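A short write-up of the structure that comes next.
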Amino acid sequence: MAPSSPTPVVLLTGFLGSGKTTLLGRLLKDPALHDTAVLINEFGTVGLDHHLLDRVDENTVLLKSGCICCTIRGELSDAIKSMHGRRTRGEIPDFRRLVIESTGLADPLPVISTITADPVLRHHVRMGAVVTTVDAVNGIDQLAHQPESVSQAALADRIVLTKTDLCDAAAIAAVTLVLRDLNPDAPLLSAATGDLDGATILGERPVLSSSLASLRCVAAPDGSPGMTHGGAVASFALVFDEALDWTLFGLWLTMLLNRHGRRVLRVKGLLNLQGSDTPVAIHGVGPLVHVPTHLTAWPDTDRRSRLVFITRDLDPGLIRRSLDAFGLTGAAASMAVA
Amino acid sequence: MCALCGVLGGSEHWADAHVRPGAFTRNTGPLERRRERARRVVHANRILGPLGLSLADWQGTAFLLSTRTGKTELVDNLSHLWAAAETLLGRPVDPLDEAFLKRLERRA
């Protein structure tokens, strides 16, 4: 019998040849993960031997939609519904989590939006976490030239660095630096170490950490903030002294994401809202924003709202100015660019 | 139903989350929900004004987005609002656009 609460879905993504299937095969050997169902897009050269394995049909039917929130990958939706139905009928053993291994060239966003937007599916499954494998040998090159690779790394809740045993420490440090620019907070794990904890890797994305470390920023450089990291990706944090107007903030963020959702790789924040005694955590990946979480307490005495953006080809100064023009920041807001 | 895509059931928009443990929403009751909708209309009109658009609540279930000449679209939620605004205007609406920001700043 299927459990009543929605089953968490873990999306395992990563560029071609980055070791997704190898990692998955290794994790599935862990007896603690025997209750994991797996959906794969294609059978690669690395075989998977698992009792709860199915594949997404090759006939991809994309629903032509007007808005991102309704972008549903039909074949993926069908595959998950089929698996859920078979579980409910007792044709396959019960499972507590579902892992979807995406193709290496796929942008993870449509998969996430399928889970969250499909009107039937979202009652049965929910997004658990995005786990991205990054090849330590070729990762820098892929991140420099493949937009899908950047998206996969930026949207990750956990990053597993693979093939670290095939390169030197300098190469690992270099790819780590690039990954930290794209995604400062996701735990970075190494597949080469023997003690990979499957339950941790395939576990659910934590509620936006109440720890301030997840919203860290460094001191702003002198002068106006601009594009950093020698490329078009910038991460920056905004701190607001005054409590925010939730309604106005919602209008501003939806307007920004409607036009620039593909260039806002991540937005996360801890908000002090007018009329609320405790903070609200928001977390967005690309144009999709998760349901805001109402935390039960502030992590410390600092009651200021904090918003962290990771953007591509967007001027942080312009975002700040836009917040000002909307009447959200006030003169007291400050910005730091990492 | 999603007004743009015709998807039955539609999706739960983050700014209009359903009431459930842990989720933040202003839709905690009928009165709070209507109050939030009214507040949204007021704020939205301040932003839409410089674009030549206006928003009105429709039966507490949807919003009417209109141009000054009366062209109107029915919108469900905030993500549809901006896509519908672009459809009505025939051009992008960008919160980072220089000209738009100048108009908004003049009104402030």
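All residue names refer to the structure tokens as shown: chains lettered A, B, ... in order, residues numbered from 1 in each chain, ligands numbered from 1 in order.
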Shell around Glu105 in chain B at 12 Å using only C-alpha atoms, local window under 3 positions removed, as an MDAnalysis selection string: (chainID A and resid 321:327) or (chainID B and resid 46:47 50 95 98:102 108)
Counting only C-alpha atoms, chain B residues within 10 Å of chain A, as a PyMOL selection string: chain B and resi 1-18+21-26+36-37+39-44+46-47+77-84+86+92-98+100-108
Atomic distance CA of Leu48 in chain B - CA of Asn27 in chain B, expressed in Å with one decimal: 23.6 Å
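Pairwise distance (CA of Thr87 in chain B, CA of Ile310 in chain A) equals 28.4 Å.
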Picked from range 39-98 of chain B by DSSP as helix (DSSP H, G or I), as a PDB file with N, CA, C and O atoms, in the first residue's frame:
ATOM      1  N   ARG B  39      -4.922  43.827  -1.291  1.00  0.00           N
ATOM      2  CA  ARG B  39      -3.599  44.441  -1.153  1.00  0.00           C
ATOM      3  C   ARG B  39      -2.793  44.228  -2.441  1.00  0.00           C
ATOM      4  O   ARG B  39      -2.075  45.103  -2.904  1.00  0.00           O
ATOM      5  N   ARG B  40      -2.912  43.058  -3.010  1.00  0.00           N
ATOM      6  CA  ARG B  40      -2.182  42.744  -4.235  1.00  0.00           C
ATOM      7  C   ARG B  40      -2.629  43.651  -5.383  1.00  0.00           C
ATOM      8  O   ARG B  40      -1.812  44.132  -6.168  1.00  0.00           O
ATOM      9  N   VAL B  41      -3.924  43.888  -5.461  1.00  0.00           N
ATOM     10  CA  VAL B  41      -4.442  44.757  -6.526  1.00  0.00           C
ATOM     11  C   VAL B  41      -3.876  46.171  -6.375  1.00  0.00           C
ATOM     12  O   VAL B  41      -3.445  46.785  -7.355  1.00  0.00           O
ATOM     13  N   VAL B  42      -3.837  46.670  -5.148  1.00  0.00           N
ATOM     14  CA  VAL B  42      -3.326  48.025  -4.914  1.00  0.00           C
ATOM     15  C   VAL B  42      -1.854  48.117  -5.328  1.00  0.00           C
ATOM     16  O   VAL B  42      -1.458  49.010  -6.079  1.00  0.00           O
ATOM     17  N   HIS B  43      -1.045  47.189  -4.846  1.00  0.00           N
ATOM     18  CA  HIS B  43       0.386  47.219  -5.170  1.00  0.00           C
ATOM     19  C   HIS B  43       0.606  46.998  -6.671  1.00  0.00           C
ATOM     20  O   HIS B  43       1.450  47.651  -7.283  1.00  0.00           O
ATOM     21  N   ALA B  44      -0.125  46.061  -7.228  1.00  0.00           N
ATOM     22  CA  ALA B  44       0.068  45.744  -8.650  1.00  0.00           C
ATOM     23  C   ALA B  44      -0.251  46.959  -9.515  1.00  0.00           C
ATOM     24  O   ALA B  44       0.449  47.243 -10.488  1.00  0.00           O
ATOM     25  N   ASN B  45      -1.281  47.698  -9.140  1.00  0.00           N
ATOM     26  CA  ASN B  45      -1.643  48.850  -9.962  1.00  0.00           C
ATOM     27  C   ASN B  45      -0.585  49.949  -9.913  1.00  0.00           C
ATOM     28  O   ASN B  45      -0.420  50.698 -10.878  1.00  0.00           O
ATOM     29  N   ARG B  46       0.123  50.018  -8.815  1.00  0.00           N
ATOM     30  CA  ARG B  46       1.204  51.002  -8.734  1.00  0.00           C
ATOM     31  C   ARG B  46       2.335  50.627  -9.708  1.00  0.00           C
ATOM     32  O   ARG B  46       2.977  51.480 -10.291  1.00  0.00           O
ATOM     33  N   ILE B  47       2.522  49.326  -9.892  1.00  0.00           N
ATOM     34  CA  ILE B  47       3.581  48.861 -10.801  1.00  0.00           C
ATOM     35  C   ILE B  47       3.088  48.858 -12.250  1.00  0.00           C
ATOM     36  O   ILE B  47       3.821  49.189 -13.177  1.00  0.00           O
ATOM     37  N   LEU B  48       1.818  48.481 -12.422  1.00  0.00           N
ATOM     38  CA  LEU B  48       1.276  48.356 -13.779  1.00  0.00           C
ATOM     39  C   LEU B  48       0.947  49.714 -14.392  1.00  0.00           C
ATOM     40  O   LEU B  48       0.919  49.852 -15.618  1.00  0.00           O
ATOM     41  N   GLY B  49       0.708  50.705 -13.541  1.00  0.00           N
ATOM     42  CA  GLY B  49       0.337  52.043 -14.031  1.00  0.00           C
ATOM     43  C   GLY B  49       1.304  52.585 -15.071  1.00  0.00           C
ATOM     44  O   GLY B  49       0.870  52.968 -16.179  1.00  0.00           O
ATOM     45  N   PRO B  50       2.610  52.591 -14.780  1.00  0.00           N
ATOM     46  CA  PRO B  50       3.560  53.102 -15.769  1.00  0.00           C
ATOM     47  C   PRO B  50       3.568  52.310 -17.077  1.00  0.00           C
ATOM     48  O   PRO B  50       4.069  52.777 -18.084  1.00  0.00           O
ATOM     49  N   LEU B  51       3.022  51.108 -17.044  1.00  0.00           N
ATOM     50  CA  LEU B  51       2.967  50.293 -18.259  1.00  0.00           C
ATOM     51  C   LEU B  51       1.652  50.490 -19.012  1.00  0.00           C
ATOM     52  O   LEU B  51       1.432  49.898 -20.064  1.00  0.00           O
ATOM     53  N   LEU B  78       0.104  35.226  -9.862  1.00  0.00           N
ATOM     54  CA  LEU B  78       1.149  36.198 -10.169  1.00  0.00           C
ATOM     55  C   LEU B  78       2.023  35.800 -11.348  1.00  0.00           C
ATOM     56  O   LEU B  78       2.474  36.669 -12.095  1.00  0.00           O
ATOM     57  N   SER B  79       2.291  34.517 -11.516  1.00  0.00           N
ATOM     58  CA  SER B  79       3.168  34.163 -12.642  1.00  0.00           C
ATOM     59  C   SER B  79       2.433  34.403 -13.955  1.00  0.00           C
ATOM     60  O   SER B  79       3.039  34.752 -14.961  1.00  0.00           O
ATOM     61  N   HIS B  80       1.104  34.214 -13.954  1.00  0.00           N
ATOM     62  CA  HIS B  80       0.352  34.463 -15.177  1.00  0.00           C
ATOM     63  C   HIS B  80       0.185  35.948 -15.443  1.00  0.00           C
ATOM     64  O   HIS B  80       0.012  36.376 -16.576  1.00  0.00           O
ATOM     65  N   LEU B  81       0.212  36.724 -14.361  1.00  0.00           N
ATOM     66  CA  LEU B  81      -0.007  38.164 -14.505  1.00  0.00           C
ATOM     67  C   LEU B  81       0.989  38.781 -15.484  1.00  0.00           C
ATOM     68  O   LEU B  81       0.618  39.507 -16.401  1.00  0.00           O
ATOM     69  N   TRP B  82       2.265  38.457 -15.304  1.00  0.00           N
ATOM     70  CA  TRP B  82       3.284  39.120 -16.123  1.00  0.00           C
ATOM     71  C   TRP B  82       3.290  38.592 -17.542  1.00  0.00           C
ATOM     72  O   TRP B  82       3.553  39.350 -18.485  1.00  0.00           O
ATOM     73  N   ALA B  83       3.022  37.309 -17.699  1.00  0.00           N
ATOM     74  CA  ALA B  83       2.947  36.763 -19.058  1.00  0.00           C
ATOM     75  C   ALA B  83       1.757  37.379 -19.788  1.00  0.00           C
ATOM     76  O   ALA B  83       1.846  37.730 -20.969  1.00  0.00           O
ATOM     77  N   ALA B  84       0.630  37.556 -19.068  1.00  0.00           N
ATOM     78  CA  ALA B  84      -0.554  38.159 -19.692  1.00  0.00           C
ATOM     79  C   ALA B  84      -0.296  39.630 -20.011  1.00  0.00           C
ATOM     80  O   ALA B  84      -0.752  40.141 -21.044  1.00  0.00           O
ATOM     81  N   ALA B  85       0.446  40.312 -19.138  1.00  0.00           N
ATOM     82  CA  ALA B  85       0.778  41.721 -19.398  1.00  0.00           C
ATOM     83  C   ALA B  85       1.594  41.836 -20.685  1.00  0.00           C
ATOM     84  O   ALA B  85       1.362  42.730 -21.505  1.00  0.00           O
ATOM     85  N   GLU B  86       2.509  40.907 -20.869  1.00  0.00           N
ATOM     86  CA  GLU B  86       3.331  40.942 -22.078  1.00  0.00           C
ATOM     87  C   GLU B  86       2.487  40.660 -23.318  1.00  0.00           C
ATOM     88  O   GLU B  86       2.690  41.256 -24.366  1.00  0.00           O
ATOM     89  N   THR B  87       1.526  39.767 -23.166  1.00  0.00           N
ATOM     90  CA  THR B  87       0.644  39.462 -24.296  1.00  0.00           C
ATOM     91  C   THR B  87      -0.179  40.697 -24.670  1.00  0.00           C
ATOM     92  O   THR B  87      -0.311  41.039 -25.843  1.00  0.00           O
ATOM     93  N   LEU B  88      -0.742  41.357 -23.660  1.00  0.00           N
ATOM     94  CA  LEU B  88      -1.580  42.529 -23.928  1.00  0.00           C
ATOM     95  C   LEU B  88      -0.769  43.673 -24.539  1.00  0.00           C
ATOM     96  O   LEU B  88      -1.239  44.379 -25.426  1.00  0.00           O
ATOM     97  N   LEU B  89       0.442  43.845 -24.043  1.00  0.00           N
ATOM     98  CA  LEU B  89       1.259  44.965 -24.515  1.00  0.00           C
ATOM     99  C   LEU B  89       2.018  44.637 -25.800  1.00  0.00           C
ATOM    100  O   LEU B  89       2.432  45.524 -26.533  1.00  0.00           O
ATOM    101  N   GLU B  98      15.474  50.036 -17.939  1.00  0.00           N
ATOM    102  CA  GLU B  98      15.848  51.400 -17.542  1.00  0.00           C
ATOM    103  C   GLU B  98      14.652  52.357 -17.612  1.00  0.00           C
ATOM    104  O   GLU B  98      14.365  53.092 -16.666  1.00  0.00           O
TER     105      GLU B  98
END
Val267 in chain A environment, 6 Å, only C-alpha atoms, sequence neighbours closer than 6 positions dropped, as a PyMOL selection string: chain A and resi 283-284+308-309
Resulting file, chosen residues, N, CA and C atoms, as a short mmCIF file (atom, residue, chain, number, x, y, z; two decimals), in the first residue's frame:
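Output saved as selection-v5.cif:
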data_model
loop_
_atom_site.label_atom_id
_atom_site.label_comp_id
_atom_site.auth_asym_id
_atom_site.auth_seq_id
_atom_site.Cartn_x
_atom_site.Cartn_y
_atom_site.Cartn_z
N HIS A 283 13.09 29.88 -1.41
CA HIS A 283 14.12 29.16 -2.15
C HIS A 283 13.64 28.98 -3.58
N GLY A 284 14.35 29.58 -4.49
CA GLY A 284 13.96 29.46 -5.89
C GLY A 284 15.10 28.90 -6.72
N VAL A 308 19.88 36.07 -1.08
CA VAL A 308 21.09 35.74 -1.83
C VAL A 308 20.69 35.36 -3.26
N PHE A 309 21.33 35.99 -4.21
CA PHE A 309 21.08 35.70 -5.62
C PHE A 309 22.32 35.10 -6.26
#
